[in-house]
There are 2 protein chains.
Amino acid sequence: MIVVLTGGTGGAKLVEGLYLELDPNDLLVICNTADDLEVHGLYVAPDLDTVVYTLAGIVDRAKGWGIQSETFTTLQRLGQLGEETWFRLGDQDLATHLVRNRLLNQGQTLAQVTARFTKMLGIGAQILPMSNDRVETRVKTHKGEISFQEYFVRDGWGDSVEGLALVGVERSRPAPGILEAIGNANGVILCPSNPATSIGPILAVPGIREALREVQAPIVAVSPIVQQRPFSGPAHKLMAHLGMEVSSFGVAHAYRDFLDLMVIAKEDSELIERIGTLGIQARATLIGMEKTEDKKRLAQELLTLL
Amino acid sequence: MIVVLTGGTGGAKLVEGLYLELDPNDLLVICNTADDLEVHGLYVAPDLDTVVYTLAGIVDRAKGWGIQSETFTTLQRLGQLGEETWFRLGDQDLATHLVRNRLLNQGQTLAQVTARFTKMLGIGAQILPMSNDRVETRVKTHKGEISFQEYFVRDGWGDSVEGLALVGVERSRPAPGILEAIGNANGVILCPSNPATSIGPILAVPGIREALREVQAPIVAVSPIVQQRPFSGPAHKLMAHLGMEVSSFGVAHAYRDFLDLMVIAKEDSELIERIGTLGIQARATLIGMEKTEDKKRLAQELLTLL
């Protein structure tokens with residue numbers, strides 16, 4: 001069993017590569033849920049949905065999230081009814097949120113709802129939220145404290161970050177099965193996702209980081225940073241706010257208490273030695289994942305390393 | 001002020017005629033809500049929505065309900081996720097239900113939410129639910145007790161009716177403003193809607209029927225029955241179950257304690273004398289409303305009569 005920790009778009013590409021290279025039954029994916037939010041009264045889980053849509057083969061590949069050939073008819077009318085429309089909920093996507101919201105209101109857990117989706121969409125791998133409990137990343141900017149999606153989507157991550165908080169994380173529990181899966185894993189992979197607000201929240205759920213420290217199986221991380229820039233999104237700003245160095249070394253440093261191996265971009269090979277001072281082996285390779293072949297090649301390389 | 005009592009499609013046609021013939025500020029419409037239901041976790045009010053969409057000029061005229069040029073993208077995906085799709089929620093229509101559901105969950109009343117829609121859609125007339133309290137028509141067939149929409153839409157009203165109940169009606173209160181509007185009206189119009197399950201529930205809300213009995217202004221009803229058949233839907237089956245005669249006389253008889261004038265089809269003019277025995281004047285005219293001109297002509301005729 002390979003256990004994978006991931007956020008949304010960047011991480012989902014590697015998850016897809018692993019899904020194609022592994023027997024799906026041998027893959028368990030743990031998703032960040034701290035970016036989840038309520039939109040038009042519905043519970044929306046962007047990272048979970050991106051991974052589900054990706055493995056179901058229906059993701060919009062150009063955007064890396066959402067469903068392909070999506071339309072926005074409901075959203076347009078929501079706007080005409082005076083609602084905010086900065087969070088671009090598509091018509092197909094909306095079905096996911098309607099079903100999830102109904103089942104959550106009926107008392108099912110987020111993990112149970114996610115299992116239903118994977119089953120209905122024919123996904124062989126297991127996909128778990130990091131927790132069934134609500135954990136919420138809050139970002140402080142000059143506008144006050146806002147949700148991650150308000151910072152990221154609505155405001156286009158242009159504002160400087162004055163604070164980051166993970167509301168509810170102290171009381172949260174790992175979703176059932178996570179600690180056992182990590183304990184029994186043959187290998188653990190941390191996807192090239194934002195270490196501050198994607199992988200960070202997963203590691204902050206009490207018990208998960210401790211389980212990674214104790215596991216015998218090798219743990220490998222793929223860097224989301226090339227030179228001093230992330231592949232996409234605001235990871236550099238959020239890392240800098242948390243006092244992390246914005247580099248593959250900074251990522252390795254954030255995981256230094258449990259990481260065995262750091263996979264970094266060829267352009268960063270001069271960092272191998274410095275990462276080694278943390279007691280972490282580093283390997284430079286092609287980590288861009290534009291095409292399916294790139295995803296499969298990187299996945300295969302990671303599986304060989306493990 | 002003209003006060004109108006209505007159900008969905010048939011009634012909405014007359015409401016449209018009245019809206020076009022009157023100063024919109026002089027029109028107050030009271031809608032049946034006993035057909036309301038929860039679909040995919042959202043509160044749906046079919047009769048209210050039909051009237052709102054009709055007066056907003058966005059109704060699907062061919063069907064008489066729903067929004068024109070509607071698409072069903074979300075519904076299709078809901079089906080792929082294993083959900084029931086017999087209630088045909090369109091993508092545009094869904095926006096209404098999302099907004100309403102969110103506002104109801106925030107504690108607004110159905111009347112407040114409806115007022116928001118009329119304002120956002122530029123409707124000058126006032127549209128009120130018969131009650132802010134939940135009243136539900138339950139139909140008993142050989143399948144057991146089902147909702148009105150299950151009987152009507154899902155099962156195509158093919159099953160024989162063994163029972164009808166209006167759950168919650170005893171405890172319900174008229175929406176704020178209804179009793180005052182009836183008391184101050186210059187005339188009251190009962191639309192050609194099903195007397196058993198559209199007008200009937202409105203009259204069953206404690207206080208409304210009593211207010212109609214006491215009002216000085218004239219009250220006129222338009223028959224939904226021509227010869228022994230309704231213009232559309234299962235009114236004949238439901239009327240028969242309640243022991244009503246399936247005819248314009250039967251409709252007049254159901255309203256005999258407050259009705260002044262019954263407008264019936266030309267084909268039924270032989271009923272004028274019989275309706276007269278109830279102390280109700282009857283008038284035979286063209287009551288079909290295929291085209292906008294028909295609606296306006298009938299509305300004008302009613303306003304002249306009042």
# chains A, B, ... in the order shown; residues from 1 in each chain; ligands from 1
>>> interface_residues(of="chain B", to="chain A", cutoff="7 Å", atoms="only C-alpha atoms", output="list of chain:residue names")
B:His40, B:Gly41, B:Thr73, B:Thr74, B:Arg77, B:Leu78, B:Leu81, B:Asp91, B:Gln92, B:Leu94, B:Ala95, B:Leu98, B:Val99, B:Arg102, B:Met120
>>> write_last_selection(atoms="C-alpha atoms", output="mmCIF file, in the first residue's frame")
data_model
loop_
_atom_site.group_PDB
_atom_site.id
_atom_site.type_symbol
_atom_site.label_atom_id
_atom_site.label_comp_id
_atom_site.auth_asym_id
_atom_site.auth_seq_id
_atom_site.Cartn_x
_atom_site.Cartn_y
_atom_site.Cartn_z
ATOM 1 C CA HIS B 40 -31.641 17.031 -3.541
ATOM 2 C CA GLY B 41 -31.781 18.616 -0.109
ATOM 3 C CA THR B 73 -26.621 19.554 -16.951
ATOM 4 C CA THR B 74 -26.605 19.265 -13.168
ATOM 5 C CA ARG B 77 -24.701 14.380 -13.455
ATOM 6 C CA LEU B 78 -26.904 13.841 -10.398
ATOM 7 C CA LEU B 81 -24.035 9.942 -9.070
ATOM 8 C CA ASP B 91 -29.839 24.487 -14.278
ATOM 9 C CA GLN B 92 -31.368 27.974 -14.204
ATOM 10 C CA LEU B 94 -31.600 25.448 -9.508
ATOM 11 C CA ALA B 95 -30.303 28.936 -8.750
ATOM 12 C CA LEU B 98 -30.057 27.366 -3.894
ATOM 13 C CA VAL B 99 -30.744 30.949 -2.888
ATOM 14 C CA ARG B 102 -29.674 29.277 1.980
ATOM 15 C CA MET B 120 -34.480 40.999 -8.037
#
>>> residues_around(residues="Arg297 of chain B", least_positions_apart="2", cutoff="12 Å", atoms="only C-alpha atoms", output="count of residues only")
24
>>> select_by_dssp(residues="segment 120-283 of chain A", states="strand (DSSP E)", output="MDAnalysis selection string")
chainID A and resid 126:129 136:141 144:147 163:167 187:190 219:222 225:226 229:230 261:265 281:283
>>> write_last_selection(atoms="N, CA, C and O atoms", output="short mmCIF file (atom, residue, chain, number, x, y, z; two decimals), in the first residue's frame")
data_model
loop_
_atom_site.label_atom_id
_atom_site.label_comp_id
_atom_site.auth_asym_id
_atom_site.auth_seq_id
_atom_site.Cartn_x
_atom_site.Cartn_y
_atom_site.Cartn_z
N GLN A 126 -8.49 4.42 -2.85
CA GLN A 126 -9.22 4.97 -1.72
C GLN A 126 -8.81 6.44 -1.55
O GLN A 126 -7.63 6.76 -1.54
N ILE A 127 -9.81 7.31 -1.42
CA ILE A 127 -9.53 8.74 -1.23
C ILE A 127 -10.17 9.16 0.09
O ILE A 127 -11.36 8.95 0.30
N LEU A 128 -9.37 9.73 0.97
CA LEU A 128 -9.85 10.11 2.29
C LEU A 128 -9.61 11.59 2.55
O LEU A 128 -8.54 12.12 2.20
N PRO A 129 -10.56 12.26 3.18
CA PRO A 129 -10.27 13.60 3.69
C PRO A 129 -9.31 13.45 4.87
O PRO A 129 -9.33 12.42 5.55
N GLU A 136 -10.25 24.87 9.26
CA GLU A 136 -10.33 25.94 8.27
C GLU A 136 -9.12 26.84 8.30
O GLU A 136 -8.82 27.46 9.33
N THR A 137 -8.43 26.93 7.17
CA THR A 137 -7.33 27.88 7.03
C THR A 137 -7.91 29.30 6.95
O THR A 137 -8.76 29.56 6.10
N ARG A 138 -7.46 30.16 7.82
CA ARG A 138 -7.89 31.57 7.78
C ARG A 138 -6.65 32.42 7.48
O ARG A 138 -5.59 32.21 8.06
N VAL A 139 -6.81 33.35 6.56
CA VAL A 139 -5.70 34.19 6.13
C VAL A 139 -5.96 35.62 6.57
O VAL A 139 -7.04 36.16 6.33
N LYS A 140 -5.00 36.21 7.26
CA LYS A 140 -5.15 37.61 7.67
C LYS A 140 -4.44 38.50 6.66
O LYS A 140 -3.25 38.29 6.37
N THR A 141 -5.17 39.43 6.09
CA THR A 141 -4.57 40.44 5.21
C THR A 141 -5.05 41.81 5.72
O THR A 141 -5.74 41.88 6.75
N GLY A 144 -8.59 42.11 6.75
CA GLY A 144 -9.11 41.37 7.89
C GLY A 144 -8.86 39.88 7.70
O GLY A 144 -8.07 39.49 6.82
N GLU A 145 -9.52 39.07 8.50
CA GLU A 145 -9.31 37.63 8.40
C GLU A 145 -10.31 37.05 7.41
O GLU A 145 -11.51 37.21 7.57
N ILE A 146 -9.81 36.38 6.38
CA ILE A 146 -10.68 35.83 5.33
C ILE A 146 -10.37 34.35 5.16
O ILE A 146 -9.36 33.85 5.66
N SER A 147 -11.24 33.65 4.44
CA SER A 147 -11.01 32.23 4.18
C SER A 147 -9.91 32.08 3.13
O SER A 147 -9.59 33.03 2.40
N GLY A 163 -1.12 37.00 8.51
CA GLY A 163 -1.34 35.95 9.50
C GLY A 163 -1.97 34.73 8.86
O GLY A 163 -2.62 34.83 7.82
N LEU A 164 -1.72 33.57 9.44
CA LEU A 164 -2.29 32.30 8.97
C LEU A 164 -2.76 31.54 10.20
O LEU A 164 -2.01 31.44 11.18
N ALA A 165 -3.96 31.01 10.17
CA ALA A 165 -4.44 30.21 11.29
C ALA A 165 -5.18 29.00 10.77
O ALA A 165 -5.77 29.03 9.69
N LEU A 166 -5.11 27.91 11.51
CA LEU A 166 -5.81 26.67 11.16
C LEU A 166 -6.89 26.46 12.22
O LEU A 166 -6.69 25.74 13.19
N VAL A 167 -8.04 27.06 11.99
CA VAL A 167 -9.09 27.03 13.00
C VAL A 167 -9.66 25.61 13.14
O VAL A 167 -10.02 24.98 12.14
N GLY A 187 5.18 2.62 1.61
CA GLY A 187 5.85 3.86 1.27
C GLY A 187 4.86 5.00 1.38
O GLY A 187 3.66 4.80 1.22
N VAL A 188 5.38 6.20 1.70
CA VAL A 188 4.52 7.38 1.81
C VAL A 188 5.07 8.45 0.87
O VAL A 188 6.30 8.67 0.83
N ILE A 189 4.17 9.07 0.11
CA ILE A 189 4.59 10.12 -0.82
C ILE A 189 3.89 11.43 -0.47
O ILE A 189 2.67 11.47 -0.32
N LEU A 190 4.67 12.50 -0.32
CA LEU A 190 4.09 13.83 -0.16
C LEU A 190 4.13 14.52 -1.53
O LEU A 190 5.20 14.69 -2.11
N ILE A 219 9.70 7.54 3.35
CA ILE A 219 8.82 8.68 3.05
C ILE A 219 9.54 9.60 2.08
O ILE A 219 10.67 10.03 2.35
N VAL A 220 8.87 9.89 0.96
CA VAL A 220 9.48 10.74 -0.05
C VAL A 220 8.55 11.93 -0.34
O VAL A 220 7.34 11.79 -0.32
N ALA A 221 9.18 13.10 -0.54
CA ALA A 221 8.40 14.28 -0.91
C ALA A 221 8.88 14.80 -2.25
O ALA A 221 10.08 14.72 -2.56
N VAL A 222 7.94 15.31 -3.06
CA VAL A 222 8.30 15.96 -4.32
C VAL A 222 8.12 17.47 -4.10
O VAL A 222 7.09 17.92 -3.60
N ILE A 225 8.49 23.53 -5.50
CA ILE A 225 9.25 24.75 -5.79
C ILE A 225 10.38 24.45 -6.77
O ILE A 225 11.08 23.45 -6.60
N VAL A 226 10.51 25.30 -7.78
CA VAL A 226 11.66 25.23 -8.67
C VAL A 226 12.36 26.58 -8.58
O VAL A 226 11.71 27.61 -8.76
N ARG A 229 10.51 29.69 -6.97
CA ARG A 229 9.11 29.91 -7.35
C ARG A 229 8.33 28.60 -7.33
O ARG A 229 8.83 27.57 -7.74
N PRO A 230 7.07 28.64 -6.91
CA PRO A 230 6.22 27.45 -7.01
C PRO A 230 5.79 27.23 -8.46
O PRO A 230 5.80 28.17 -9.26
N LEU A 261 13.52 11.15 1.85
CA LEU A 261 14.02 11.45 0.51
C LEU A 261 13.26 12.64 -0.08
O LEU A 261 12.04 12.69 -0.01
N MET A 262 14.01 13.58 -0.65
CA MET A 262 13.41 14.76 -1.27
C MET A 262 13.70 14.73 -2.76
O MET A 262 14.87 14.66 -3.15
N VAL A 263 12.67 14.77 -3.58
CA VAL A 263 12.84 14.79 -5.03
C VAL A 263 12.66 16.23 -5.50
O VAL A 263 11.61 16.84 -5.28
N ILE A 264 13.71 16.76 -6.13
CA ILE A 264 13.71 18.18 -6.51
C ILE A 264 13.96 18.33 -8.01
O ILE A 264 14.28 17.35 -8.70
N ALA A 265 13.78 19.54 -8.51
CA ALA A 265 13.98 19.80 -9.94
C ALA A 265 15.46 19.76 -10.28
O ALA A 265 16.32 20.10 -9.47
N GLN A 281 18.12 12.53 2.08
CA GLN A 281 18.73 12.32 0.78
C GLN A 281 17.93 13.11 -0.26
O GLN A 281 16.70 13.18 -0.17
N ALA A 282 18.59 13.73 -1.22
CA ALA A 282 17.86 14.46 -2.27
C ALA A 282 18.23 13.91 -3.62
O ALA A 282 19.33 13.39 -3.83
N ARG A 283 17.28 14.00 -4.54
CA ARG A 283 17.52 13.50 -5.89
C ARG A 283 16.90 14.51 -6.86
O ARG A 283 15.73 14.89 -6.72
#
>>> residues_around(residues="Ala185 of chain B", least_positions_apart="2", cutoff="9 Å", atoms="only C-alpha atoms", output="list in words")
Met1, Ile2, Val3, Glu180, Ala181, Ile182, Gly183, Gly187, Val188, Val215, Gln216, Ala217 and Pro218 of chain B
>>> closest_residue(among="A:Met130, A:Leu89, A:Ala45, A:Ala284", to="Val205 of chain A", atoms="only C-alpha atoms")
A:Met130
>>> closest_residue(among="A:Asp47, A:Asp133, A:Asp260, A:Asp23", to="Leu305 of chain A", atoms="only C-alpha atoms")
A:Asp260
>>> residues_around(residues="Cys31 of chain A", least_positions_apart="3", cutoff="10 Å", atoms="only C-alpha atoms", output="list in words")
Val4, Leu5, Thr6, Gly7, Gly8, Gly11, Ala12, Leu28, Ala34, Ala45, Pro46, Asp47, Leu48, Asp49, Thr50, Val51, Ile127, Leu128, Pro129, Met130, Ser131, Ser198, Ile199, Pro201 and Ile202 of chain A
>>> select_by_dssp(residues="segment 154-239 of chain A", states="alpha helix (DSSP H)", output="ChimeraX atom specification")
/A:178-184,199-204,208-214,235-239
>>> atom_distance(atom1="atom CA of Leu203 of chain A", atom2="atom CA of Glu270 of chain A")
27.8 Å
